[in-house]
>>> print(open('my_file-v8.cif').read())   # mmCIF, N, CA and C atoms
data_run
loop_
_atom_site.group_PDB
_atom_site.id
_atom_site.type_symbol
_atom_site.label_atom_id
_atom_site.label_comp_id
_atom_site.auth_asym_id
_atom_site.auth_seq_id
_atom_site.Cartn_x
_atom_site.Cartn_y
_atom_site.Cartn_z
ATOM 1 N N TYR A 49 18.868 2.404 -3.797
ATOM 2 C CA TYR A 49 18.947 2.217 -2.359
ATOM 3 C C TYR A 49 17.541 2.173 -1.778
ATOM 4 N N ILE A 50 17.184 1.087 -1.138
ATOM 5 C CA ILE A 50 15.886 0.945 -0.485
ATOM 6 C C ILE A 50 16.121 1.014 1.020
ATOM 7 N N PRO A 51 15.572 2.020 1.673
ATOM 8 C CA PRO A 51 15.768 2.101 3.128
ATOM 9 C C PRO A 51 14.935 1.056 3.858
ATOM 10 N N TRP A 52 15.427 0.543 4.905
ATOM 11 C CA TRP A 52 14.795 -0.359 5.849
ATOM 12 C C TRP A 52 13.483 -0.989 5.386
ATOM 13 N N ALA A 53 13.568 -2.098 4.706
ATOM 14 C CA ALA A 53 12.386 -2.822 4.245
ATOM 15 C C ALA A 53 11.766 -3.561 5.414
ATOM 16 N N GLN A 54 10.423 -3.472 5.514
ATOM 17 C CA GLN A 54 9.717 -4.144 6.597
ATOM 18 C C GLN A 54 9.033 -5.425 6.148
ATOM 19 N N LYS A 55 8.455 -5.391 4.945
ATOM 20 C CA LYS A 55 7.716 -6.561 4.464
ATOM 21 C C LYS A 55 7.828 -6.612 2.951
ATOM 22 N N VAL A 56 7.815 -7.829 2.415
ATOM 23 C CA VAL A 56 7.950 -8.041 0.978
ATOM 24 C C VAL A 56 6.864 -9.019 0.535
ATOM 25 N N VAL A 57 6.211 -8.706 -0.600
ATOM 26 C CA VAL A 57 5.243 -9.629 -1.196
ATOM 27 C C VAL A 57 5.541 -9.753 -2.690
ATOM 28 N N ARG A 58 5.114 -10.856 -3.275
ATOM 29 C CA ARG A 58 5.289 -11.084 -4.716
ATOM 30 C C ARG A 58 3.909 -11.151 -5.353
ATOM 31 N N ASP A 59 3.711 -10.385 -6.434
ATOM 32 C CA ASP A 59 2.399 -10.366 -7.089
ATOM 33 C C ASP A 59 2.298 -11.451 -8.163
ATOM 34 N N LYS A 60 1.127 -11.526 -8.814
ATOM 35 C CA LYS A 60 0.861 -12.571 -9.800
ATOM 36 C C LYS A 60 1.761 -12.474 -11.029
ATOM 37 N N ASP A 61 2.339 -11.284 -11.269
ATOM 38 C CA ASP A 61 3.251 -11.086 -12.400
ATOM 39 C C ASP A 61 4.706 -11.306 -12.002
ATOM 40 N N ASN A 62 4.930 -11.792 -10.795
ATOM 41 C CA ASN A 62 6.251 -12.066 -10.248
ATOM 42 C C ASN A 62 7.030 -10.812 -9.857
ATOM 43 N N ALA A 63 6.385 -9.673 -9.817
ATOM 44 C CA ALA A 63 7.041 -8.455 -9.320
ATOM 45 C C ALA A 63 7.107 -8.536 -7.802
ATOM 46 N N ILE A 64 8.155 -7.984 -7.246
ATOM 47 C CA ILE A 64 8.329 -7.957 -5.803
ATOM 48 C C ILE A 64 7.996 -6.552 -5.308
ATOM 49 N N TRP A 65 7.135 -6.474 -4.295
ATOM 50 C CA TRP A 65 6.733 -5.206 -3.687
ATOM 51 C C TRP A 65 7.353 -5.136 -2.298
ATOM 52 N N ILE A 66 8.052 -4.037 -2.031
ATOM 53 C CA ILE A 66 8.784 -3.872 -0.784
ATOM 54 C C ILE A 66 8.184 -2.701 -0.027
ATOM 55 N N GLN A 67 7.735 -2.947 1.196
ATOM 56 C CA GLN A 67 7.133 -1.905 2.030
ATOM 57 C C GLN A 67 8.181 -1.396 3.005
ATOM 58 N N THR A 68 8.354 -0.059 3.037
ATOM 59 C CA THR A 68 9.260 0.574 3.983
ATOM 60 C C THR A 68 8.430 1.276 5.055
ATOM 61 N N TYR A 69 9.095 1.939 5.972
ATOM 62 C CA TYR A 69 8.364 2.645 7.030
ATOM 63 C C TYR A 69 7.918 4.029 6.568
ATOM 64 N N GLU A 70 8.844 4.861 6.070
ATOM 65 C CA GLU A 70 8.480 6.215 5.643
ATOM 66 C C GLU A 70 8.914 6.549 4.220
ATOM 67 N N ALA A 71 9.469 5.583 3.495
ATOM 68 C CA ALA A 71 9.952 5.848 2.135
ATOM 69 C C ALA A 71 9.060 5.208 1.082
ATOM 70 N N GLY A 72 7.798 4.988 1.414
ATOM 71 C CA GLY A 72 6.842 4.461 0.456
ATOM 72 C C GLY A 72 7.002 2.980 0.180
ATOM 73 N N VAL A 73 6.512 2.600 -0.993
ATOM 74 C CA VAL A 73 6.535 1.219 -1.449
ATOM 75 C C VAL A 73 7.391 1.176 -2.703
ATOM 76 N N TRP A 74 8.163 0.119 -2.834
ATOM 77 C CA TRP A 74 9.042 -0.055 -3.981
ATOM 78 C C TRP A 74 8.632 -1.312 -4.732
ATOM 79 N N LYS A 75 8.719 -1.238 -6.068
ATOM 80 C CA LYS A 75 8.387 -2.385 -6.915
ATOM 81 C C LYS A 75 9.640 -2.787 -7.694
ATOM 82 N N LEU A 76 9.983 -4.059 -7.599
ATOM 83 C CA LEU A 76 11.095 -4.611 -8.371
ATOM 84 C C LEU A 76 10.513 -5.569 -9.390
ATOM 85 N N ALA A 77 10.587 -5.195 -10.654
ATOM 86 C CA ALA A 77 10.081 -6.026 -11.747
ATOM 87 C C ALA A 77 11.194 -6.130 -12.785
ATOM 88 N N SER A 78 11.576 -7.348 -13.102
ATOM 89 C CA SER A 78 12.735 -7.594 -13.962
ATOM 90 C C SER A 78 13.936 -6.903 -13.330
ATOM 91 N N ASP A 79 14.545 -5.976 -14.030
ATOM 92 C CA ASP A 79 15.695 -5.245 -13.492
ATOM 93 C C ASP A 79 15.334 -3.799 -13.173
ATOM 94 N N THR A 80 14.051 -3.502 -13.056
ATOM 95 C CA THR A 80 13.605 -2.129 -12.818
ATOM 96 C C THR A 80 13.079 -1.975 -11.399
ATOM 97 N N LEU A 81 13.568 -0.950 -10.714
ATOM 98 C CA LEU A 81 13.137 -0.644 -9.357
ATOM 99 C C LEU A 81 12.412 0.701 -9.382
ATOM 100 N N ILE A 82 11.157 0.715 -8.942
ATOM 101 C CA ILE A 82 10.327 1.929 -8.972
ATOM 102 C C ILE A 82 9.846 2.230 -7.563
ATOM 103 N N GLN A 83 9.986 3.483 -7.142
ATOM 104 C CA GLN A 83 9.481 3.908 -5.845
ATOM 105 C C GLN A 83 8.093 4.519 -6.017
ATOM 106 N N TYR A 84 7.164 4.116 -5.151
ATOM 107 C CA TYR A 84 5.823 4.679 -5.103
ATOM 108 C C TYR A 84 5.687 5.410 -3.765
ATOM 109 N N PRO A 85 5.800 6.729 -3.767
ATOM 110 C CA PRO A 85 5.641 7.454 -2.506
ATOM 111 C C PRO A 85 4.216 7.289 -1.974
ATOM 112 N N VAL A 86 4.084 7.240 -0.664
ATOM 113 C CA VAL A 86 2.771 7.188 -0.026
ATOM 114 C C VAL A 86 2.708 8.402 0.886
ATOM 115 N N THR A 87 1.810 9.344 0.527
ATOM 116 C CA THR A 87 1.701 10.587 1.286
ATOM 117 C C THR A 87 0.252 10.864 1.649
ATOM 118 N N HIS A 88 0.087 11.668 2.678
ATOM 119 C CA HIS A 88 -1.233 12.134 3.104
ATOM 120 C C HIS A 88 -1.061 13.590 3.495
ATOM 121 N N GLN A 89 -1.818 14.469 2.857
ATOM 122 C CA GLN A 89 -1.731 15.912 3.075
ATOM 123 C C GLN A 89 -0.295 16.399 2.892
ATOM 124 N N GLY A 90 0.381 15.847 1.886
ATOM 125 C CA GLY A 90 1.723 16.284 1.523
ATOM 126 C C GLY A 90 2.848 15.733 2.379
ATOM 127 N N GLU A 91 2.529 14.915 3.363
ATOM 128 C CA GLU A 91 3.544 14.367 4.266
ATOM 129 C C GLU A 91 3.696 12.858 4.043
ATOM 130 N N PRO A 92 4.927 12.339 4.178
ATOM 131 C CA PRO A 92 5.111 10.889 4.065
ATOM 132 C C PRO A 92 4.308 10.151 5.140
ATOM 133 N N VAL A 93 3.764 9.032 4.756
ATOM 134 C CA VAL A 93 2.958 8.210 5.652
ATOM 135 C C VAL A 93 3.851 7.119 6.242
ATOM 136 N N ARG A 94 3.646 6.830 7.526
ATOM 137 C CA ARG A 94 4.370 5.739 8.183
ATOM 138 C C ARG A 94 3.622 4.426 7.920
ATOM 139 N N LEU A 95 4.243 3.558 7.140
ATOM 140 C CA LEU A 95 3.598 2.319 6.707
ATOM 141 C C LEU A 95 3.864 1.185 7.690
ATOM 142 N N MET A 96 2.851 0.342 7.869
ATOM 143 C CA MET A 96 2.952 -0.775 8.814
ATOM 144 C C MET A 96 2.882 -2.147 8.142
ATOM 145 N N THR A 97 2.169 -2.239 7.002
ATOM 146 C CA THR A 97 2.019 -3.558 6.375
ATOM 147 C C THR A 97 1.657 -3.407 4.904
ATOM 148 N N ILE A 98 1.861 -4.479 4.174
ATOM 149 C CA ILE A 98 1.489 -4.549 2.762
ATOM 150 C C ILE A 98 0.931 -5.951 2.516
ATOM 151 N N ALA A 99 -0.078 -6.038 1.672
ATOM 152 C CA ALA A 99 -0.687 -7.348 1.406
ATOM 153 C C ALA A 99 -1.328 -7.346 0.031
ATOM 154 N N LEU A 100 -1.487 -8.543 -0.509
ATOM 155 C CA LEU A 100 -2.232 -8.747 -1.748
ATOM 156 C C LEU A 100 -3.506 -9.490 -1.396
ATOM 157 N N ASP A 101 -4.650 -9.015 -1.921
ATOM 158 C CA ASP A 101 -5.887 -9.743 -1.662
ATOM 159 C C ASP A 101 -6.048 -10.876 -2.680
ATOM 160 N N GLN A 102 -7.151 -11.604 -2.604
ATOM 161 C CA GLN A 102 -7.362 -12.767 -3.469
ATOM 162 C C GLN A 102 -7.425 -12.410 -4.943
ATOM 163 N N SER A 103 -7.808 -11.157 -5.253
ATOM 164 C CA SER A 103 -7.865 -10.745 -6.655
ATOM 165 C C SER A 103 -6.531 -10.181 -7.131
ATOM 166 N N GLY A 104 -5.552 -10.077 -6.234
ATOM 167 C CA GLY A 104 -4.238 -9.558 -6.608
ATOM 168 C C GLY A 104 -4.052 -8.076 -6.356
ATOM 169 N N ALA A 105 -5.055 -7.413 -5.772
ATOM 170 C CA ALA A 105 -4.949 -5.978 -5.482
ATOM 171 C C ALA A 105 -3.971 -5.755 -4.331
ATOM 172 N N LEU A 106 -3.167 -4.705 -4.451
ATOM 173 C CA LEU A 106 -2.173 -4.376 -3.438
ATOM 174 C C LEU A 106 -2.764 -3.401 -2.429
ATOM 175 N N TRP A 107 -2.677 -3.742 -1.143
ATOM 176 C CA TRP A 107 -3.183 -2.929 -0.040
ATOM 177 C C TRP A 107 -2.031 -2.584 0.887
ATOM 178 N N ILE A 108 -2.046 -1.357 1.421
ATOM 179 C CA ILE A 108 -1.008 -0.898 2.335
ATOM 180 C C ILE A 108 -1.682 -0.299 3.560
ATOM 181 N N GLY A 109 -1.295 -0.757 4.730
ATOM 182 C CA GLY A 109 -1.824 -0.223 5.977
ATOM 183 C C GLY A 109 -0.824 0.729 6.597
ATOM 184 N N SER A 110 -1.307 1.840 7.132
ATOM 185 C CA SER A 110 -0.412 2.837 7.719
ATOM 186 C C SER A 110 -0.660 2.991 9.212
ATOM 187 N N GLU A 111 0.288 3.622 9.858
ATOM 188 C CA GLU A 111 0.187 3.915 11.284
ATOM 189 C C GLU A 111 -0.586 5.202 11.533
ATOM 190 N N ASN A 112 -0.543 6.127 10.561
ATOM 191 C CA ASN A 112 -1.073 7.459 10.821
ATOM 192 C C ASN A 112 -2.026 8.014 9.770
ATOM 193 N N ALA A 113 -2.410 7.224 8.765
ATOM 194 C CA ALA A 113 -3.267 7.801 7.724
ATOM 195 C C ALA A 113 -4.211 6.790 7.087
ATOM 196 N N GLY A 114 -4.513 5.707 7.761
ATOM 197 C CA GLY A 114 -5.491 4.761 7.236
ATOM 198 C C GLY A 114 -4.916 3.750 6.278
ATOM 199 N N VAL A 115 -5.775 3.315 5.353
ATOM 200 C CA VAL A 115 -5.450 2.246 4.412
ATOM 201 C C VAL A 115 -5.283 2.848 3.023
ATOM 202 N N PHE A 116 -4.329 2.299 2.277
ATOM 203 C CA PHE A 116 -4.058 2.752 0.920
ATOM 204 C C PHE A 116 -4.145 1.562 -0.017
ATOM 205 N N ARG A 117 -4.373 1.873 -1.308
ATOM 206 C CA ARG A 117 -4.471 0.827 -2.323
ATOM 207 C C ARG A 117 -3.828 1.324 -3.607
ATOM 208 N N LEU A 118 -3.238 0.407 -4.346
ATOM 209 C CA LEU A 118 -2.645 0.741 -5.641
ATOM 210 C C LEU A 118 -3.734 0.772 -6.693
ATOM 211 N N PHE A 119 -3.862 1.889 -7.392
ATOM 212 C CA PHE A 119 -4.788 2.053 -8.513
ATOM 213 C C PHE A 119 -3.948 2.407 -9.727
ATOM 214 N N GLU A 120 -3.868 1.485 -10.688
ATOM 215 C CA GLU A 120 -3.007 1.641 -11.849
ATOM 216 C C GLU A 120 -1.588 1.904 -11.361
ATOM 217 N N ASP A 121 -1.047 3.100 -11.512
ATOM 218 C CA ASP A 121 0.324 3.374 -11.070
ATOM 219 C C ASP A 121 0.382 4.379 -9.933
ATOM 220 N N THR A 122 -0.695 4.508 -9.186
ATOM 221 C CA THR A 122 -0.745 5.479 -8.095
ATOM 222 C C THR A 122 -1.263 4.819 -6.828
ATOM 223 N N ILE A 123 -0.626 5.124 -5.718
ATOM 224 C CA ILE A 123 -1.117 4.635 -4.434
ATOM 225 C C ILE A 123 -1.963 5.730 -3.822
ATOM 226 N N ARG A 124 -3.229 5.390 -3.544
ATOM 227 C CA ARG A 124 -4.174 6.383 -3.021
ATOM 228 C C ARG A 124 -4.818 5.884 -1.736
ATOM 229 N N ASN A 125 -5.225 6.840 -0.921
ATOM 230 C CA ASN A 125 -5.935 6.547 0.316
ATOM 231 C C ASN A 125 -7.255 5.876 -0.028
ATOM 232 N N TRP A 126 -7.599 4.809 0.689
ATOM 233 C CA TRP A 126 -8.824 4.071 0.441
ATOM 234 C C TRP A 126 -9.935 4.657 1.293
ATOM 235 N N GLU A 127 -11.049 4.980 0.673
ATOM 236 C CA GLU A 127 -12.216 5.507 1.379
ATOM 237 C C GLU A 127 -13.221 4.379 1.557
ATOM 238 N N PHE A 128 -13.464 4.016 2.790
ATOM 239 C CA PHE A 128 -14.439 2.978 3.079
ATOM 240 C C PHE A 128 -15.839 3.560 3.068
ATOM 241 N N SER A 129 -16.785 2.825 2.508
ATOM 242 C CA SER A 129 -18.183 3.230 2.530
ATOM 243 C C SER A 129 -18.832 2.604 3.758
ATOM 244 N N PRO A 130 -19.609 3.390 4.493
ATOM 245 C CA PRO A 130 -20.269 2.803 5.661
ATOM 246 C C PRO A 130 -21.275 1.735 5.248
ATOM 247 N N VAL A 131 -21.368 0.709 6.047
ATOM 248 C CA VAL A 131 -22.324 -0.369 5.804
ATOM 249 C C VAL A 131 -23.647 0.051 6.435
ATOM 250 N N PRO A 132 -24.728 0.038 5.654
ATOM 251 C CA PRO A 132 -26.022 0.405 6.254
ATOM 252 C C PRO A 132 -26.378 -0.530 7.395
ATOM 253 N N GLN A 133 -26.879 0.029 8.432
ATOM 254 C CA GLN A 133 -27.272 -0.753 9.611
ATOM 255 C C GLN A 133 -28.785 -0.996 9.579
ATOM 256 N N SER A 134 -29.154 -2.212 9.898
ATOM 257 C CA SER A 134 -30.549 -2.562 9.960
ATOM 258 C C SER A 134 -31.102 -2.197 11.347
ATOM 259 N N GLU A 135 -32.335 -1.745 11.373
ATOM 260 C CA GLU A 135 -32.969 -1.402 12.650
ATOM 261 C C GLU A 135 -33.313 -2.672 13.425
ATOM 262 N N SER A 136 -33.542 -3.767 12.723
ATOM 263 C CA SER A 136 -33.865 -5.007 13.421
ATOM 264 C C SER A 136 -32.775 -6.036 13.141
ATOM 265 N N TYR A 137 -32.555 -6.899 14.084
ATOM 266 C CA TYR A 137 -31.491 -7.895 13.935
ATOM 267 C C TYR A 137 -32.061 -9.264 13.800
#
>>> encode(input="my_file-v8.cif", output="structure tokens")
Amino acid sequence: YIPWAQKVVRDKDNAIWIQTYEAGVWKLASDTLIQYPVTHQGEPVRLMTIALDQSGALWIGSENAGVFRLFEDTIRNWEFSPVPQSESY
């Protein structure tokens, strides 16, 4: 049972990724359905979008906890590195 799917994408391996609001991300590959919980500080994250970049990496945007990315078989919060600012333009 997949609760209220908001967005669906297909990856390069033909797996289907289903983004829900608070029940994480689900992967359908062949006949196997796997749930990937998305949590922050032990609480479910409210998800807003899912996308694949040009290299095939899976990204998930949330309403309340930033951006997440799939690393191997785990969805983790993405830490952005600040871009150094130049003193002159």
>>> resolve_selection(input="my_file-v8.cif", expression="the PyMOL selection byres (((chain A and resi 104 and name CA) around 12) and name CA)", output="list in words")
Val57, Arg58, Asp59, Lys60, Asp61, Asn62, Ala63, Ala99, Leu100, Asp101, Gln102, Ser103, Ala105, Leu106, Trp107, Arg117, Leu118 and Phe119 of chain A
>>> atom_distance(input="my_file-v8.cif", atom1="CA of His88 in chain A", atom2="CA of Pro130 in chain A")
21.4 Å
>>> axis_aligned_box(input="my_file-v8.cif", around="range 115-133 of chain A", padding_each_side="3 Å", output="lines of an AutoDock Vina configuration file")
center_x = -14.2
center_y = 2.9
center_z = -1.1
size_x = 35.2
size_y = 13.8
size_z = 27.5
>>> resolve_selection(input="my_file-v8.cif", expression="the PyMOL selection byres ((chain A and resi 52) around 8)", output="PyMOL selection string")
chain A and resi 49-51+53-55+66-71
>>> write_last_selection(input="my_file-v8.cif", atoms="N, CA and C atoms", output="mmCIF file, in the frame of the given file")
data_model
loop_
_atom_site.group_PDB
_atom_site.id
_atom_site.type_symbol
_atom_site.label_atom_id
_atom_site.label_comp_id
_atom_site.auth_asym_id
_atom_site.auth_seq_id
_atom_site.Cartn_x
_atom_site.Cartn_y
_atom_site.Cartn_z
ATOM 1 N N TYR A 49 18.868 2.404 -3.797
ATOM 2 C CA TYR A 49 18.947 2.217 -2.359
ATOM 3 C C TYR A 49 17.541 2.173 -1.778
ATOM 4 N N ILE A 50 17.184 1.087 -1.138
ATOM 5 C CA ILE A 50 15.886 0.945 -0.485
ATOM 6 C C ILE A 50 16.121 1.014 1.020
ATOM 7 N N PRO A 51 15.572 2.020 1.673
ATOM 8 C CA PRO A 51 15.768 2.101 3.128
ATOM 9 C C PRO A 51 14.935 1.056 3.858
ATOM 10 N N ALA A 53 13.568 -2.098 4.706
ATOM 11 C CA ALA A 53 12.386 -2.822 4.245
ATOM 12 C C ALA A 53 11.766 -3.561 5.414
ATOM 13 N N GLN A 54 10.423 -3.472 5.514
ATOM 14 C CA GLN A 54 9.717 -4.144 6.597
ATOM 15 C C GLN A 54 9.033 -5.425 6.148
ATOM 16 N N LYS A 55 8.455 -5.391 4.945
ATOM 17 C CA LYS A 55 7.716 -6.561 4.464
ATOM 18 C C LYS A 55 7.828 -6.612 2.951
ATOM 19 N N ILE A 66 8.052 -4.037 -2.031
ATOM 20 C CA ILE A 66 8.784 -3.872 -0.784
ATOM 21 C C ILE A 66 8.184 -2.701 -0.027
ATOM 22 N N GLN A 67 7.735 -2.947 1.196
ATOM 23 C CA GLN A 67 7.133 -1.905 2.030
ATOM 24 C C GLN A 67 8.181 -1.396 3.005
ATOM 25 N N THR A 68 8.354 -0.059 3.037
ATOM 26 C CA THR A 68 9.260 0.574 3.983
ATOM 27 C C THR A 68 8.430 1.276 5.055
ATOM 28 N N TYR A 69 9.095 1.939 5.972
ATOM 29 C CA TYR A 69 8.364 2.645 7.030
ATOM 30 C C TYR A 69 7.918 4.029 6.568
ATOM 31 N N GLU A 70 8.844 4.861 6.070
ATOM 32 C CA GLU A 70 8.480 6.215 5.643
ATOM 33 C C GLU A 70 8.914 6.549 4.220
ATOM 34 N N ALA A 71 9.469 5.583 3.495
ATOM 35 C CA ALA A 71 9.952 5.848 2.135
ATOM 36 C C ALA A 71 9.060 5.208 1.082
#
>>> closest_residue(input="my_file-v8.cif", among="A:Thr122, A:Thr97, A:Gln89, A:Ser129", to="Gly109 in chain A", atoms="all atoms listed in the file")
A:Thr97
>>> atom_distance(input="my_file-v8.cif", atom1="atom N of Val73 in chain A", atom2="CA of Trp126 in chain A")
15.5 Å
>>> resolve_selection(input="my_file-v8.cif", expression="the PyMOL selection byres ((chain A and resi 85) around 7)", output="PyMOL selection string")
chain A and resi 71-73+83-84+86-87+93+123
>>> atom_distance(input="my_file-v8.cif", atom1="atom N of Gly114 in chain A", atom2="atom C of Thr80 in chain A")
27.1 Å
>>> select_by_dssp(input="my_file-v8.cif", residues="chain A", states="strand (DSSP E)", output="PyMOL selection string")
chain A and resi 53-58+64-68+73-77+80-84+87-88+91-92+95-100+106-110+115-119+122-125
>>> closest_residue(input="my_file-v8.cif", among="A:Gln133, A:Ala113, A:Ile108, A:Ile98", to="Val56 in chain A", atoms="all atoms listed in the file")
A:Ile98
>>> closest_residue(input="my_file-v8.cif", among="A:Glu111, A:Asp79, A:Asp121, A:Glu127", to="Leu95 in chain A", atoms="only C-alpha atoms")
A:Glu111
